[in-house]
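Note: the block below is final_2.pdb and it holds PDB, C-alpha atoms.
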```
ATOM      1  CA  MET V   1       0.293  -1.409 -12.280
ATOM      2  CA  LYS V   2      -3.069  -3.140 -12.472
ATOM      3  CA  ILE V   3      -3.647  -6.884 -12.058
ATOM      4  CA  GLY V   4      -6.610  -8.506 -13.758
ATOM      5  CA  VAL V   5      -8.601 -11.330 -12.194
ATOM      6  CA  LEU V   6     -10.366 -13.634 -14.642
ATOM      7  CA  ALA V   7     -14.000 -13.218 -13.622
ATOM      8  CA  LEU V   8     -15.822 -15.897 -15.601
ATOM      9  CA  GLN V   9     -16.485 -18.242 -12.670
ATOM     10  CA  GLY V  10     -14.955 -19.055  -9.297
ATOM     11  CA  ASP V  11     -13.699 -17.004  -6.373
ATOM     12  CA  PHE V  12     -12.427 -13.960  -8.281
ATOM     13  CA  SER V  13     -13.812 -11.395  -5.790
ATOM     14  CA  LEU V  14     -11.712 -12.831  -2.939
ATOM     15  CA  HIS V  15      -8.552 -12.497  -5.041
ATOM     16  CA  ARG V  16      -9.406  -8.827  -5.592
ATOM     17  CA  LYS V  17      -9.878  -8.364  -1.831
ATOM     18  CA  ALA V  18      -6.484 -10.025  -1.208
ATOM     19  CA  LEU V  19      -4.870  -7.602  -3.680
ATOM     20  CA  ASP V  20      -6.663  -4.670  -2.009
ATOM     21  CA  ARG V  21      -5.157  -5.694   1.346
ATOM     22  CA  ILE V  22      -1.629  -5.331  -0.079
ATOM     23  CA  GLY V  23      -2.429  -2.061  -1.873
ATOM     24  CA  VAL V  24      -2.461  -3.412  -5.444
ATOM     25  CA  GLU V  25      -5.029  -2.150  -7.943
ATOM     26  CA  SER V  26      -7.077  -4.855  -9.656
ATOM     27  CA  THR V  27      -9.929  -5.242 -12.092
ATOM     28  CA  GLU V  28     -12.245  -8.028 -13.229
ATOM     29  CA  VAL V  29     -11.473  -9.465 -16.670
ATOM     30  CA  ARG V  30     -14.620 -10.733 -18.398
ATOM     31  CA  LEU V  31     -13.703 -10.182 -22.051
ATOM     32  CA  PRO V  32     -10.469 -11.041 -23.933
ATOM     33  CA  ARG V  33      -9.864  -7.414 -24.958
ATOM     34  CA  GLN V  34      -9.656  -6.434 -21.274
ATOM     35  CA  LEU V  35      -6.339  -8.326 -21.058
ATOM     36  CA  ASP V  36      -4.764  -5.385 -22.920
ATOM     37  CA  ASP V  37      -5.386  -3.196 -19.855
ATOM     38  CA  VAL V  38      -3.642  -5.340 -17.212
ATOM     39  CA  ALA V  39       0.002  -6.080 -16.413
ATOM     40  CA  GLY V  40      -0.676  -9.481 -14.817
ATOM     41  CA  LEU V  41      -3.561 -11.954 -14.566
ATOM     42  CA  ILE V  42      -4.901 -14.218 -11.826
ATOM     43  CA  MET V  43      -6.819 -17.286 -12.990
ATOM     44  CA  PRO V  44      -8.827 -18.284  -9.898
ATOM     45  CA  GLY V  45     -10.180 -21.544  -8.600
ATOM     46  CA  GLY V  46     -13.583 -22.753  -9.665
ATOM     47  CA  GLU V  47     -14.507 -25.692 -11.864
ATOM     48  CA  SER V  48     -12.002 -26.214 -14.664
ATOM     49  CA  THR V  49     -14.416 -27.762 -17.201
ATOM     50  CA  THR V  50     -16.888 -24.894 -16.674
ATOM     51  CA  LEU V  51     -14.072 -22.349 -17.011
ATOM     52  CA  LEU V  52     -12.957 -24.020 -20.253
ATOM     53  CA  LYS V  53     -16.482 -23.819 -21.697
ATOM     54  CA  LEU V  54     -16.747 -20.130 -20.792
ATOM     55  CA  MET V  55     -13.252 -19.373 -22.130
ATOM     56  CA  ASP V  56     -14.182 -21.127 -25.373
ATOM     57  CA  ALA V  57     -17.485 -19.256 -25.664
ATOM     58  CA  TRP V  58     -15.707 -15.900 -25.250
ATOM     59  CA  GLU V  59     -12.684 -16.908 -27.399
ATOM     60  CA  PHE V  60     -10.220 -16.337 -24.558
ATOM     61  CA  VAL V  61      -7.556 -18.854 -25.608
ATOM     62  CA  PRO V  62      -5.890 -16.789 -28.389
ATOM     63  CA  ALA V  63      -5.877 -13.697 -26.148
ATOM     64  CA  LEU V  64      -4.324 -15.676 -23.268
ATOM     65  CA  GLU V  65      -1.689 -17.135 -25.612
ATOM     66  CA  LYS V  66      -0.794 -13.598 -26.734
ATOM     67  CA  PHE V  67      -0.717 -12.377 -23.104
ATOM     68  CA  HIS V  68       1.625 -15.232 -22.109
ATOM     69  CA  ALA V  69       3.855 -14.798 -25.190
ATOM     70  CA  ALA V  70       4.341 -11.140 -24.188
ATOM     71  CA  GLY V  71       5.805 -12.327 -20.874
ATOM     72  CA  ARG V  72       3.049 -10.856 -18.730
ATOM     73  CA  PRO V  73       2.790 -12.800 -15.441
ATOM     74  CA  ILE V  74      -0.054 -15.223 -14.756
ATOM     75  CA  LEU V  75      -1.021 -16.784 -11.401
ATOM     76  CA  GLY V  76      -3.242 -19.867 -11.519
ATOM     77  CA  THR V  77      -4.795 -21.159  -8.306
ATOM     78  CA  CYS V  78      -6.478 -24.583  -8.060
ATOM     79  CA  ALA V  79      -8.588 -24.761 -11.270
ATOM     80  CA  GLY V  80      -6.362 -22.001 -12.678
ATOM     81  CA  MET V  81      -3.385 -24.342 -12.211
ATOM     82  CA  ILE V  82      -5.235 -27.069 -14.126
ATOM     83  CA  LEU V  83      -5.891 -24.675 -17.025
ATOM     84  CA  LEU V  84      -2.228 -23.573 -17.184
ATOM     85  CA  ALA V  85      -0.597 -27.032 -16.939
ATOM     86  CA  ARG V  86       0.958 -28.879 -19.846
ATOM     87  CA  GLU V  87      -0.923 -32.112 -19.069
ATOM     88  CA  VAL V  88      -4.119 -32.864 -17.111
ATOM     89  CA  GLN V  89      -5.153 -36.278 -15.784
ATOM     90  CA  SER V  90      -8.321 -37.806 -14.241
ATOM     91  CA  PRO V  91      -9.709 -37.162 -16.773
ATOM     92  CA  ALA V  92      -7.485 -35.724 -19.471
ATOM     93  CA  GLN V  93      -8.720 -32.363 -20.772
ATOM     94  CA  PHE V  94      -7.556 -29.366 -22.776
ATOM     95  CA  SER V  95      -5.141 -27.035 -21.030
ATOM     96  CA  LEU V  96      -3.037 -24.070 -22.134
ATOM     97  CA  GLY V  97       0.359 -25.695 -21.511
ATOM     98  CA  PHE V  98       1.990 -22.503 -20.173
ATOM     99  CA  ILE V  99       3.836 -24.408 -17.397
ATOM    100  CA  ASP V 100       5.493 -27.810 -17.782
ATOM    101  CA  LEU V 101       3.483 -29.712 -15.185
ATOM    102  CA  THR V 102       1.295 -32.776 -15.120
ATOM    103  CA  VAL V 103      -1.618 -32.271 -12.726
ATOM    104  CA  GLU V 104      -4.290 -34.649 -11.509
ATOM    105  CA  ARG V 105      -7.726 -33.147 -10.980
ATOM    106  CA  ASN V 106      -9.454 -33.517  -7.573
ATOM    107  CA  ALA V 107      -6.514 -35.594  -6.332
ATOM    108  CA  TYR V 108      -6.888 -34.412  -2.723
ATOM    109  CA  GLY V 109     -10.484 -35.656  -2.643
ATOM    110  CA  ARG V 110     -13.963 -34.303  -3.148
ATOM    111  CA  GLN V 111     -15.553 -31.279  -1.462
ATOM    112  CA  LYS V 112     -16.050 -33.066   1.881
ATOM    113  CA  GLU V 113     -12.321 -33.889   2.047
ATOM    114  CA  SER V 114     -11.344 -30.200   1.805
ATOM    115  CA  PHE V 115      -8.898 -29.065   4.483
ATOM    116  CA  GLU V 116      -6.738 -26.262   5.832
ATOM    117  CA  ALA V 117      -3.048 -26.803   6.538
ATOM    118  CA  VAL V 118       0.245 -25.059   7.100
ATOM    119  CA  GLY V 119       2.903 -25.908   4.550
ATOM    120  CA  SER V 120       6.246 -24.338   3.789
ATOM    121  CA  GLY V 121       7.067 -21.877   1.034
ATOM    122  CA  ASP V 122      10.195 -20.118  -0.146
ATOM    123  CA  LEU V 123       9.000 -17.062  -2.029
ATOM    124  CA  GLY V 124      12.268 -15.180  -2.009
ATOM    125  CA  GLU V 125      12.804 -14.715   1.731
ATOM    126  CA  GLY V 126      13.850 -18.242   2.716
ATOM    127  CA  PRO V 127      11.556 -21.081   3.841
ATOM    128  CA  ARG V 128       8.585 -19.876   5.892
ATOM    129  CA  PRO V 129       5.301 -21.401   7.098
ATOM    130  CA  LEU V 130       2.493 -20.809   4.618
ATOM    131  CA  LYS V 131      -1.243 -21.162   5.285
ATOM    132  CA  MET V 132      -3.052 -23.259   2.671
ATOM    133  CA  VAL V 133      -6.682 -24.153   1.965
ATOM    134  CA  PHE V 134      -7.295 -27.176  -0.280
ATOM    135  CA  ILE V 135     -10.756 -27.544  -1.869
ATOM    136  CA  ARG V 136     -11.153 -30.347  -4.428
ATOM    137  CA  ALA V 137      -7.532 -29.538  -5.133
ATOM    138  CA  PRO V 138      -5.415 -30.804  -8.013
ATOM    139  CA  ARG V 139      -2.109 -32.511  -7.283
ATOM    140  CA  ILE V 140       1.137 -31.864  -9.135
ATOM    141  CA  ARG V 141       2.244 -35.281 -10.420
ATOM    142  CA  ARG V 142       5.224 -34.162 -12.540
ATOM    143  CA  LEU V 143       7.413 -31.051 -12.675
ATOM    144  CA  GLY V 144       9.296 -30.326 -15.885
ATOM    145  CA  PRO V 145      13.023 -29.542 -15.720
ATOM    146  CA  ALA V 146      12.468 -25.778 -16.117
ATOM    147  CA  VAL V 147       9.899 -25.609 -13.300
ATOM    148  CA  THR V 148      10.939 -24.338  -9.855
ATOM    149  CA  PRO V 149       9.044 -25.679  -6.813
ATOM    150  CA  LEU V 150       8.099 -22.817  -4.443
ATOM    151  CA  ALA V 151       6.000 -24.416  -1.699
ATOM    152  CA  GLU V 152       5.257 -27.836  -0.298
ATOM    153  CA  HIS V 153       2.809 -29.603   1.946
ATOM    154  CA  ARG V 154       3.789 -32.976   3.416
ATOM    155  CA  GLU V 155       6.906 -33.053   1.229
ATOM    156  CA  GLU V 156       4.825 -32.649  -1.928
ATOM    157  CA  CYS V 157       5.112 -29.628  -4.249
ATOM    158  CA  VAL V 158       1.926 -27.522  -4.154
ATOM    159  CA  MET V 159       3.226 -24.283  -5.725
ATOM    160  CA  ALA V 160       5.593 -23.882  -8.673
ATOM    161  CA  ARG V 161       6.903 -21.363 -11.185
ATOM    162  CA  GLN V 162       8.201 -21.407 -14.728
ATOM    163  CA  GLY V 163       9.178 -18.012 -16.138
ATOM    164  CA  SER V 164       6.196 -15.664 -15.939
ATOM    165  CA  VAL V 165       3.749 -18.366 -14.777
ATOM    166  CA  VAL V 166       3.187 -19.351 -11.148
ATOM    167  CA  VAL V 167       0.602 -21.883  -9.979
ATOM    168  CA  ASP V 168      -0.631 -23.341  -6.732
ATOM    169  CA  ALA V 169      -2.916 -26.221  -5.809
ATOM    170  CA  PHE V 170      -4.396 -24.347  -2.851
ATOM    171  CA  HIS V 171      -6.504 -21.199  -2.379
ATOM    172  CA  PRO V 172      -4.353 -18.339  -0.998
ATOM    173  CA  GLU V 173      -7.300 -15.953  -1.253
ATOM    174  CA  LEU V 174      -9.124 -17.902   1.492
ATOM    175  CA  THR V 175      -6.494 -17.054   4.110
ATOM    176  CA  ASP V 176      -5.519 -13.745   5.685
ATOM    177  CA  GLU V 177      -1.919 -14.302   4.610
ATOM    178  CA  PRO V 178      -0.667 -11.959   1.847
ATOM    179  CA  THR V 179       2.433 -13.979   0.883
ATOM    180  CA  VAL V 180       1.284 -15.497  -2.435
ATOM    181  CA  HIS V 181      -0.413 -12.347  -3.723
ATOM    182  CA  ALA V 182       2.551 -10.199  -2.673
ATOM    183  CA  TYR V 183       4.931 -12.586  -4.472
ATOM    184  CA  PHE V 184       2.810 -12.393  -7.637
ATOM    185  CA  ALA V 185       2.556  -8.596  -7.413
ATOM    186  CA  GLY V 186       6.366  -8.550  -7.238
ATOM    187  CA  MET V 187       6.540 -10.651 -10.409
ATOM    188  CA  VAL V 188       4.210  -8.210 -12.170
ATOM    189  CA  ARG V 189       6.262  -5.193 -11.011
ATOM    190  CA  ALA V 190       9.502  -6.852 -12.174
ATOM    191  CA  ALA V 191       7.995  -7.675 -15.585
ATOM    192  CA  GLY V 192       6.611  -4.130 -15.981
TER     193      GLY V 192
END
```
Re-express the file's structure as structure tokens.
Amino acid sequence: MKIGVLALQGDFSLHRKALDRIGVESTEVRLPRQLDDVAGLIMPGGESTTLLKLMDAWEFVPALEKFHAAGRPILGTCAGMILLAREVQSPAQFSLGFIDLTVERNAYGRQKESFEAVGSGDLGEGPRPLKMVFIRAPRIRRLGPAVTPLAEHREECVMARQGSVVVDAFHPELTDEPTVHAYFAGMVRAAG
């Protein structure tokens, strides 16, 4: 099992290090054809409009649609969540619509309002504390009926799943906690 990390922009190297810590093989995905070689994909944080421009330049959208249609798991963190949502606000922009969410960009504030917190997540082992780092984070404003909330911070959903897609508003790769990456690796194993 190999997990790809979209390596167009953003903190992809830290996601690979997080996967290394839990003993999961990973590779950087820079071209659409490389999606054929991975069982799951992490779409990291970064700047969503820049990521969209790069995805468009490399014609990633059809390859991602095929990847998703095949049921291969995708994890989107921060900007990755924005790209995977059904609807994006502030401002509206193109997104893939792989998870029935409405998200608001930069809703937790600008760079200087970034913060670390401990929320609560239930990733299959009952509710547990979960370390979270929010950097220019998007906020989930609406969850569709088929979407399952997985984690919260201050009684607000910050991590959710629909089928083979899981997203979070925070950066799990910036903590030493393996919970989110281990949960995603489990999804990839189960889909395999």
Exercise. V:Glu87, V:Pro129, V:Pro145, V:Leu174: which is nearest V:Ser13, counting all atoms listed in the file?
Worked result: V:Leu174
Residues returned when the PyMOL selection byres ((chain V and resi 52) around 12) runs on this file, as a PDB file with C-alpha atoms, in the frame of the given file:
```pdb
ATOM      1  CA  LEU V   8     -15.822 -15.897 -15.601  1.00  0.00           C
ATOM      2  CA  GLN V   9     -16.485 -18.242 -12.670  1.00  0.00           C
ATOM      3  CA  MET V  43      -6.819 -17.286 -12.990  1.00  0.00           C
ATOM      4  CA  GLY V  46     -13.583 -22.753  -9.665  1.00  0.00           C
ATOM      5  CA  GLU V  47     -14.507 -25.692 -11.864  1.00  0.00           C
ATOM      6  CA  SER V  48     -12.002 -26.214 -14.664  1.00  0.00           C
ATOM      7  CA  THR V  49     -14.416 -27.762 -17.201  1.00  0.00           C
ATOM      8  CA  THR V  50     -16.888 -24.894 -16.674  1.00  0.00           C
ATOM      9  CA  LEU V  51     -14.072 -22.349 -17.011  1.00  0.00           C
ATOM     10  CA  LYS V  53     -16.482 -23.819 -21.697  1.00  0.00           C
ATOM     11  CA  LEU V  54     -16.747 -20.130 -20.792  1.00  0.00           C
ATOM     12  CA  MET V  55     -13.252 -19.373 -22.130  1.00  0.00           C
ATOM     13  CA  ASP V  56     -14.182 -21.127 -25.373  1.00  0.00           C
ATOM     14  CA  ALA V  57     -17.485 -19.256 -25.664  1.00  0.00           C
ATOM     15  CA  TRP V  58     -15.707 -15.900 -25.250  1.00  0.00           C
ATOM     16  CA  GLU V  59     -12.684 -16.908 -27.399  1.00  0.00           C
ATOM     17  CA  PHE V  60     -10.220 -16.337 -24.558  1.00  0.00           C
ATOM     18  CA  VAL V  61      -7.556 -18.854 -25.608  1.00  0.00           C
ATOM     19  CA  ALA V  79      -8.588 -24.761 -11.270  1.00  0.00           C
ATOM     20  CA  GLY V  80      -6.362 -22.001 -12.678  1.00  0.00           C
ATOM     21  CA  ILE V  82      -5.235 -27.069 -14.126  1.00  0.00           C
ATOM     22  CA  LEU V  83      -5.891 -24.675 -17.025  1.00  0.00           C
ATOM     23  CA  LEU V  84      -2.228 -23.573 -17.184  1.00  0.00           C
ATOM     24  CA  GLN V  93      -8.720 -32.363 -20.772  1.00  0.00           C
ATOM     25  CA  PHE V  94      -7.556 -29.366 -22.776  1.00  0.00           C
ATOM     26  CA  SER V  95      -5.141 -27.035 -21.030  1.00  0.00           C
ATOM     27  CA  LEU V  96      -3.037 -24.070 -22.134  1.00  0.00           C
TER      28      LEU V  96
END
```
Problem set entry | Exercise: stretch 24-31 of chain V partners within 8 Å, all atoms listed in the file, chain neighbours under 5 positions left out, as a PyMOL selection string | chain V and resi 1-8+12+16+19+58+60+185
Exercise. When distances are computed from only C-alpha atoms, which of V:Thr179, V:Gln89, V:Ser120, V:Ser114 shows the smallest separation from V:Arg139?
Worked result: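 Result for the nearest residue to V:Arg139: V:Gln89.
The interatomic distance for the pair atom CA of V:His171 and atom CA of V:Val133 works out to 5.3 Å.
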Show me, as a short mmCIF file (atom, residue, chain, number, x, y, z; two decimals) with C-alpha atoms, in the frame of the given file, the residues that have an atom within 10 Å of V:Val180 when counting only C-alpha atoms, minus same-chain residues fewer than 5 positions from it.
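Writing done, so here's selection-v7.cif:
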```
data_model
loop_
_atom_site.label_atom_id
_atom_site.label_comp_id
_atom_site.auth_asym_id
_atom_site.auth_seq_id
_atom_site.Cartn_x
_atom_site.Cartn_y
_atom_site.Cartn_z
CA ALA V 18 -6.48 -10.02 -1.21
CA LEU V 75 -1.02 -16.78 -11.40
CA GLY V 121 7.07 -21.88 1.03
CA LEU V 123 9.00 -17.06 -2.03
CA LEU V 130 2.49 -20.81 4.62
CA LYS V 131 -1.24 -21.16 5.28
CA MET V 159 3.23 -24.28 -5.72
CA VAL V 166 3.19 -19.35 -11.15
CA VAL V 167 0.60 -21.88 -9.98
CA ASP V 168 -0.63 -23.34 -6.73
CA HIS V 171 -6.50 -21.20 -2.38
CA PRO V 172 -4.35 -18.34 -1.00
CA GLU V 173 -7.30 -15.95 -1.25
CA ALA V 185 2.56 -8.60 -7.41
CA GLY V 186 6.37 -8.55 -7.24
#
```
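What separates atom CA of V:Phe170 from atom CA of V:Val38 is a distance of 23.8 Å.
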Problem set entry | For V:Arg154, the nearest of the candidates V:His15, V:Gly45, V:Gly119, V:Lys66, counting all atoms listed in the file |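 Closest candidate: V:Gly119.
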